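Structure data (mmCIF, C-alpha atoms) from coords-v5.cif:
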```
data_input
loop_
_atom_site.group_PDB
_atom_site.id
_atom_site.type_symbol
_atom_site.label_atom_id
_atom_site.label_comp_id
_atom_site.auth_asym_id
_atom_site.auth_seq_id
_atom_site.Cartn_x
_atom_site.Cartn_y
_atom_site.Cartn_z
ATOM 1 C CA MET A 1 0.000 0.000 0.000
ATOM 2 C CA PRO A 2 1.573 3.310 -1.031
ATOM 3 C CA ALA A 3 2.088 5.934 1.691
ATOM 4 C CA TRP A 4 -0.046 8.539 -0.126
ATOM 5 C CA LEU A 5 -3.114 6.281 -0.417
ATOM 6 C CA GLY A 6 -4.447 6.845 3.123
ATOM 7 C CA ARG A 7 -4.274 10.625 2.766
ATOM 8 C CA PHE A 8 -5.814 10.425 -0.716
ATOM 9 C CA LEU A 9 -8.846 8.506 0.579
ATOM 10 C CA LYS A 10 -9.445 11.090 3.337
ATOM 11 C CA MET A 11 -9.381 14.088 0.989
ATOM 12 C CA THR A 12 -12.490 15.990 -0.006
ATOM 13 C CA PHE A 13 -12.865 16.696 -3.705
ATOM 14 C CA PHE A 14 -15.163 18.949 -5.760
ATOM 15 C CA GLY A 15 -14.920 21.935 -3.443
ATOM 16 C CA SER A 16 -13.735 25.317 -4.732
ATOM 17 C CA CYS A 17 -10.008 25.906 -5.132
ATOM 18 C CA LEU A 18 -8.860 28.549 -2.652
ATOM 19 C CA VAL A 19 -5.972 29.652 -4.893
ATOM 20 C CA HIS A 20 -8.215 30.254 -7.938
ATOM 21 C CA ASP A 21 -11.322 31.403 -6.048
ATOM 22 C CA GLU A 22 -12.140 34.207 -8.499
ATOM 23 C CA LEU A 23 -12.271 31.882 -11.552
ATOM 24 C CA GLN A 24 -15.230 29.790 -12.697
ATOM 25 C CA LYS A 25 -15.110 25.980 -12.854
ATOM 26 C CA ASN A 26 -12.432 25.842 -10.180
ATOM 27 C CA GLU A 27 -13.527 22.593 -8.528
ATOM 28 C CA LEU A 28 -10.883 20.314 -7.055
ATOM 29 C CA ASN A 29 -11.134 17.269 -9.316
ATOM 30 C CA ARG A 30 -7.487 16.232 -9.714
ATOM 31 C CA TYR A 31 -5.005 14.753 -7.255
ATOM 32 C CA CYS A 32 -1.232 15.149 -7.503
ATOM 33 C CA ILE A 33 0.406 12.064 -5.984
ATOM 34 C CA THR A 34 3.833 13.717 -5.968
ATOM 35 C CA CYS A 35 2.689 16.817 -4.012
ATOM 36 C CA ASP A 36 -0.171 15.107 -2.111
ATOM 37 C CA LEU A 37 -2.577 17.912 -3.097
ATOM 38 C CA ALA A 38 -6.106 18.230 -4.476
ATOM 39 C CA LEU A 39 -5.929 20.475 -7.559
ATOM 40 C CA CYS A 40 -8.232 22.297 -9.935
ATOM 41 C CA ARG A 41 -7.853 22.645 -13.705
ATOM 42 C CA TYR A 42 -6.049 25.988 -13.292
ATOM 43 C CA CYS A 43 -3.521 24.547 -10.813
ATOM 44 C CA ILE A 44 -2.665 21.881 -13.414
ATOM 45 C CA SER A 45 -2.191 24.471 -16.165
ATOM 46 C CA THR A 46 0.507 26.386 -14.203
ATOM 47 C CA ASP A 47 3.180 23.843 -15.326
ATOM 48 C CA LYS A 48 4.246 23.129 -11.723
ATOM 49 C CA HIS A 49 2.837 19.602 -12.016
ATOM 50 C CA ASN A 50 3.945 18.699 -15.554
ATOM 51 C CA ASP A 51 6.181 15.779 -14.578
ATOM 52 C CA HIS A 52 4.091 14.705 -11.545
ATOM 53 C CA LYS A 53 1.812 11.698 -11.216
ATOM 54 C CA LEU A 54 -1.805 12.891 -11.440
ATOM 55 C CA LEU A 55 -5.182 11.228 -10.928
ATOM 56 C CA THR A 56 -8.494 12.516 -12.271
ATOM 57 C CA ILE A 57 -11.466 12.311 -9.901
ATOM 58 C CA TYR A 58 -15.049 12.025 -11.193
ATOM 59 C CA ARG A 59 -18.463 12.007 -9.503
ATOM 60 C CA HIS A 60 -20.596 8.926 -10.106
ATOM 61 C CA VAL A 61 -23.903 8.486 -8.269
ATOM 62 C CA TYR A 62 -22.816 10.900 -5.503
ATOM 63 C CA LYS A 63 -19.487 9.114 -5.018
ATOM 64 C CA ASP A 64 -15.933 10.151 -5.835
ATOM 65 C CA VAL A 65 -14.467 7.691 -8.328
ATOM 66 C CA VAL A 66 -11.194 7.361 -10.202
ATOM 67 C CA PRO A 67 -10.664 5.683 -13.601
ATOM 68 C CA LEU A 68 -9.631 2.065 -13.202
ATOM 69 C CA GLU A 69 -6.865 2.373 -15.802
ATOM 70 C CA GLU A 70 -5.273 5.340 -13.992
ATOM 71 C CA MET A 71 -5.401 3.624 -10.601
ATOM 72 C CA LYS A 72 -4.080 0.256 -11.850
ATOM 73 C CA SER A 73 -0.636 1.741 -12.389
ATOM 74 C CA HIS A 74 -0.410 2.737 -8.698
ATOM 75 C CA ILE A 75 -2.173 -0.010 -6.715
ATOM 76 C CA ASP A 76 -3.578 -3.510 -7.182
ATOM 77 C CA CYS A 77 -7.227 -2.967 -8.076
ATOM 78 C CA SER A 78 -8.212 -6.614 -8.306
ATOM 79 C CA LYS A 79 -11.220 -7.676 -6.248
ATOM 80 C CA ILE A 80 -12.643 -4.092 -6.251
ATOM 81 C CA GLN A 81 -16.051 -3.721 -7.931
ATOM 82 C CA PRO A 82 -15.713 -1.384 -10.969
ATOM 83 C CA TYR A 83 -18.564 0.699 -12.374
ATOM 84 C CA LYS A 84 -19.232 2.077 -15.846
ATOM 85 C CA CYS A 85 -19.274 5.898 -15.950
ATOM 86 C CA ASN A 86 -19.403 7.755 -19.288
ATOM 87 C CA LYS A 87 -17.964 4.748 -21.143
ATOM 88 C CA LYS A 88 -15.060 4.429 -18.676
ATOM 89 C CA TRP A 89 -14.542 1.832 -15.994
ATOM 90 C CA VAL A 90 -14.130 3.539 -12.624
ATOM 91 C CA ILE A 91 -13.665 2.406 -9.028
ATOM 92 C CA SER A 92 -15.035 4.145 -5.962
ATOM 93 C CA LEU A 93 -12.714 5.795 -3.437
ATOM 94 C CA ASN A 94 -15.034 5.260 -0.452
ATOM 95 C CA PRO A 95 -18.233 3.259 0.030
ATOM 96 C CA LEU A 96 -21.572 4.990 -0.364
ATOM 97 C CA PRO A 97 -23.328 5.367 3.012
ATOM 98 C CA HIS A 98 -26.035 2.781 3.675
ATOM 99 C CA CYS A 99 -29.531 4.117 3.162
ATOM 100 C CA GLY A 100 -31.210 1.440 5.276
ATOM 101 C CA SER A 101 -33.462 0.236 2.466
ATOM 102 C CA GLY A 102 -33.498 -3.277 3.903
ATOM 103 C CA SER A 103 -33.370 -4.854 0.436
ATOM 104 C CA LEU A 104 -30.356 -6.948 1.417
ATOM 105 C CA VAL A 105 -31.352 -10.580 1.919
ATOM 106 C CA ALA A 106 -29.471 -12.610 4.525
ATOM 107 C CA GLY A 107 -26.811 -14.625 2.754
ATOM 108 C CA ASP A 108 -26.496 -12.248 -0.211
ATOM 109 C CA PRO A 109 -22.834 -11.738 -1.168
ATOM 110 C CA THR A 110 -21.605 -8.385 0.108
ATOM 111 C CA CYS A 111 -18.455 -6.319 0.495
ATOM 112 C CA TYR A 112 -16.242 -7.897 3.161
ATOM 113 C CA ILE A 113 -15.902 -4.628 5.079
ATOM 114 C CA CYS A 114 -19.005 -2.417 4.737
ATOM 115 C CA LYS A 115 -21.498 -5.148 3.753
ATOM 116 C CA ARG A 116 -22.692 -3.282 0.668
ATOM 117 C CA ARG A 117 -24.208 -5.601 -1.954
ATOM 118 C CA LEU A 118 -21.877 -6.459 -4.853
ATOM 119 C CA HIS A 119 -23.044 -6.776 -8.463
ATOM 120 C CA GLU A 120 -20.605 -9.542 -9.383
ATOM 121 C CA PRO A 121 -19.681 -11.315 -6.133
ATOM 122 C CA ASP A 122 -17.943 -14.188 -7.903
ATOM 123 C CA GLN A 123 -15.280 -11.758 -9.163
ATOM 124 C CA PHE A 124 -15.157 -8.974 -6.548
ATOM 125 C CA CYS A 125 -14.868 -8.788 -2.737
ATOM 126 C CA PHE A 126 -14.854 -5.021 -2.129
ATOM 127 C CA CYS A 127 -17.037 -2.083 -3.187
ATOM 128 C CA SER A 128 -14.287 0.561 -2.932
ATOM 129 C CA ILE A 129 -10.567 1.217 -2.547
ATOM 130 C CA ALA A 130 -11.111 2.196 1.105
ATOM 131 C CA CYS A 131 -12.711 -1.178 1.885
ATOM 132 C CA LYS A 132 -9.802 -3.065 0.330
ATOM 133 C CA VAL A 133 -7.282 -0.952 2.266
ATOM 134 C CA GLU A 134 -9.238 -1.550 5.488
ATOM 135 C CA ALA A 135 -9.190 -5.304 4.847
ATOM 136 C CA LEU A 136 -5.426 -5.213 4.306
ATOM 137 C CA VAL A 137 -4.897 -3.233 7.510
ATOM 138 C CA ARG A 138 -7.105 -5.587 9.535
ATOM 139 C CA LYS A 139 -5.359 -8.636 8.117
ATOM 140 C CA SER A 140 -1.910 -7.214 8.856
ATOM 141 C CA ASN A 141 -2.966 -6.284 12.417
ATOM 142 C CA GLU A 142 -4.167 -9.850 12.955
ATOM 143 C CA ALA A 143 -0.786 -11.070 11.743
ATOM 144 C CA GLY A 144 0.873 -8.941 14.446
ATOM 145 C CA GLY A 145 2.401 -6.120 12.406
ATOM 146 C CA THR A 146 2.034 -3.812 9.459
ATOM 147 C CA SER A 147 5.016 -4.994 7.459
ATOM 148 C CA LEU A 148 4.840 -5.008 3.682
ATOM 149 C CA GLN A 149 5.140 -8.783 3.762
ATOM 150 C CA ALA A 150 2.053 -9.044 6.023
ATOM 151 C CA ILE A 151 0.074 -6.744 3.725
ATOM 152 C CA GLY A 152 1.182 -8.785 0.714
ATOM 153 C CA GLU A 153 0.101 -12.018 2.413
ATOM 154 C CA ALA A 154 -3.231 -10.451 3.353
ATOM 155 C CA LEU A 155 -3.837 -9.372 -0.226
ATOM 156 C CA GLU A 156 -2.996 -12.843 -1.477
ATOM 157 C CA ALA A 157 -5.373 -14.430 1.042
ATOM 158 C CA ILE A 158 -8.183 -12.057 0.056
ATOM 159 C CA GLN A 159 -7.674 -12.790 -3.644
ATOM 160 C CA ASN A 160 -7.813 -16.558 -3.076
ATOM 161 C CA VAL A 161 -11.180 -16.464 -1.296
ATOM 162 C CA GLU A 162 -14.064 -17.796 -3.363
ATOM 163 C CA ILE A 163 -17.627 -16.627 -2.878
ATOM 164 C CA LYS A 164 -20.439 -19.118 -3.418
ATOM 165 C CA ARG A 165 -23.829 -18.050 -4.703
ATOM 166 C CA LYS A 166 -26.779 -18.730 -2.453
ATOM 167 C CA ARG A 167 -28.925 -19.777 -5.392
ATOM 168 C CA LYS A 168 -28.316 -20.247 -9.097
ATOM 169 C CA ARG A 169 -29.550 -17.865 -11.716
ATOM 170 C CA LYS A 170 -32.561 -18.936 -13.751
ATOM 171 C CA GLY A 171 -30.742 -18.682 -17.050
ATOM 172 C CA ILE A 172 -30.444 -16.210 -19.880
ATOM 173 C CA PRO A 173 -32.855 -13.284 -19.458
ATOM 174 C CA HIS A 174 -35.164 -12.680 -22.411
ATOM 175 C CA ARG A 175 -36.776 -9.344 -23.213
ATOM 176 C CA ALA A 176 -40.403 -9.040 -24.196
ATOM 177 C CA PRO A 177 -40.933 -8.360 -27.895
ATOM 178 C CA LEU A 178 -41.342 -4.706 -28.808
ATOM 179 C CA LYS A 179 -44.582 -3.721 -30.521
#
```

Let's see the structure in the file written out as structure tokens.
Amino acid sequence: MPAWLGRFLKMTFFGSCLVHDELQKNELNRYCITCDLALCRYCISTDKHNDHKLLTIYRHVYKDVVPLEEMKSHIDCSKIQPYKCNKKWVISLNPLPHCGSGSLVAGDPTCYICKRRLHEPDQFCFCSIACKVEALVRKSNEAGGTSLQAIGEALEAIQNVEIKRKRKRKGIPHRAPLK
């Protein structure tokens, strides 16, 4: 787990940039890994961050998300449920708060940490980056330390877990004919 990841997950995005307060469209929707800063489009254009590692943050269903392809180069994104947003695959930074709808049936496959329902539980174990990080931290604490080896072993253990479906699907869904 990179050192910047914990701070990145705690940051608030899409507020107004204090440096470029007088300009329009100054929302903080970029993150500079090198500087550990949330940036707006005008901060990026000042050439101070040309050779820095940057991430683009999007909003998807009231959640902050980052493109899967951008994040893959920095962390292992396997076992995190991706979502489709404007023709891009994205992953959520933090889980969406539970609304208490009660639609979750006992035994339904859920995120290991926050118990949010997963769309493809046979492939994914976590709904967000924060949940995967939390699982790694818990696993390393159980192992008695937070060494990189313990985190690596925890990740390997999480990836090897198989989830069984409670009941089988009925088959291929068929749409009603259009008239």

Quick one: what's the axis-aligned box for range 39-54 of chain A, all listed atoms, 6 Å on every side, centre and edges in Å to one decimal, as JSON?
```
{"center_x": -1.0, "center_y": 19.0, "center_z": -11.9, "size_x": 26.4, "size_y": 26.7, "size_z": 20.6}
```

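Picked by the PyMOL selection byres ((chain A and resi 44-48) around 12) from the coordinates shown: Cys17, Val19, His20, Asn26, Glu27, Leu28, Asn29, Arg30, Tyr31, Cys32, Thr34, Cys35, Leu37, Ala38, Leu39, Cys40, Arg41, Tyr42, Cys43, His49, Asn50, Asp51, His52, Lys53, Leu54, Leu55 and Thr56 of chain A.
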
For the residues in that selection, give me C-alpha atoms as a compact mmCIF listing (two decimals), in the frame of the given file.
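Written file, part-v8.txt:
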```
# COMPACT_ATOMS: atom_id res chain seq x y z
CA CYS A 17 -10.01 25.91 -5.13
CA VAL A 19 -5.97 29.65 -4.89
CA HIS A 20 -8.22 30.25 -7.94
CA ASN A 26 -12.43 25.84 -10.18
CA GLU A 27 -13.53 22.59 -8.53
CA LEU A 28 -10.88 20.31 -7.06
CA ASN A 29 -11.13 17.27 -9.32
CA ARG A 30 -7.49 16.23 -9.71
CA TYR A 31 -5.00 14.75 -7.26
CA CYS A 32 -1.23 15.15 -7.50
CA THR A 34 3.83 13.72 -5.97
CA CYS A 35 2.69 16.82 -4.01
CA LEU A 37 -2.58 17.91 -3.10
CA ALA A 38 -6.11 18.23 -4.48
CA LEU A 39 -5.93 20.48 -7.56
CA CYS A 40 -8.23 22.30 -9.94
CA ARG A 41 -7.85 22.64 -13.70
CA TYR A 42 -6.05 25.99 -13.29
CA CYS A 43 -3.52 24.55 -10.81
CA HIS A 49 2.84 19.60 -12.02
CA ASN A 50 3.94 18.70 -15.55
CA ASP A 51 6.18 15.78 -14.58
CA HIS A 52 4.09 14.70 -11.54
CA LYS A 53 1.81 11.70 -11.22
CA LEU A 54 -1.80 12.89 -11.44
CA LEU A 55 -5.18 11.23 -10.93
CA THR A 56 -8.49 12.52 -12.27
```

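Of the listed residues (A:Gly15, A:Met1, A:Ala176, A:Asp21), A:Met1 comes nearest to Ile129 in chain A; the distances count only C-alpha atoms.
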
Where does the PyMOL selection byres ((chain A and resi 116) around 8) land in this file, that is, which residues does it pick, as JSON, numbers by chain? {"A": [95, 98, 110, 111, 114, 115, 117, 118, 127]}

Ground truth for the PyMOL selection byres ((chain A and resi 68-73) around 10), written as a list in words: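 Answer for the PyMOL selection byres ((chain A and resi 68-73) around 10): Lys53, Leu54, Leu55, Thr56, Val65, Val66, Pro67, His74, Ile75, Asp76, Cys77, Ser78, Ile80, Pro82, Tyr83, Lys84, Lys88, Trp89, Val90, Ile91, Ser92 and Ile129 of chain A.
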
Between CA of Glu120 in chain A and CA of Asp108 in chain A, what distance in Å does the model show, to one decimal? 11.2 Å

Would you work out the distance separating CA of Phe13 in chain A from CA of Phe126 in chain A, expressed in Å to one decimal?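 Going from CA of Phe13 in chain A over to CA of Phe126 in chain A, I get 21.9 Å.
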
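Of the residues listed (A:Leu96, A:Leu5, A:Leu178, A:Ile113), A:Ile113 shows the shortest atom-to-atom separation from Arg138 in chain A; distances use all atoms listed in the file.
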
Hey, which of A:Arg59, A:Lys132, A:Lys25, A:His119 ends up closest to Asn86 in chain A? Count only C-alpha atoms.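 Among A:Arg59, A:Lys132, A:Lys25, A:His119, it is A:Arg59 that comes nearest to Asn86 in chain A.
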
Separation of CA of Pro121 in chain A from CA of Trp4 in chain A in Å: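 Pair CA of Trp4 in chain A / CA of Pro121 in chain A returns 28.6 Å.
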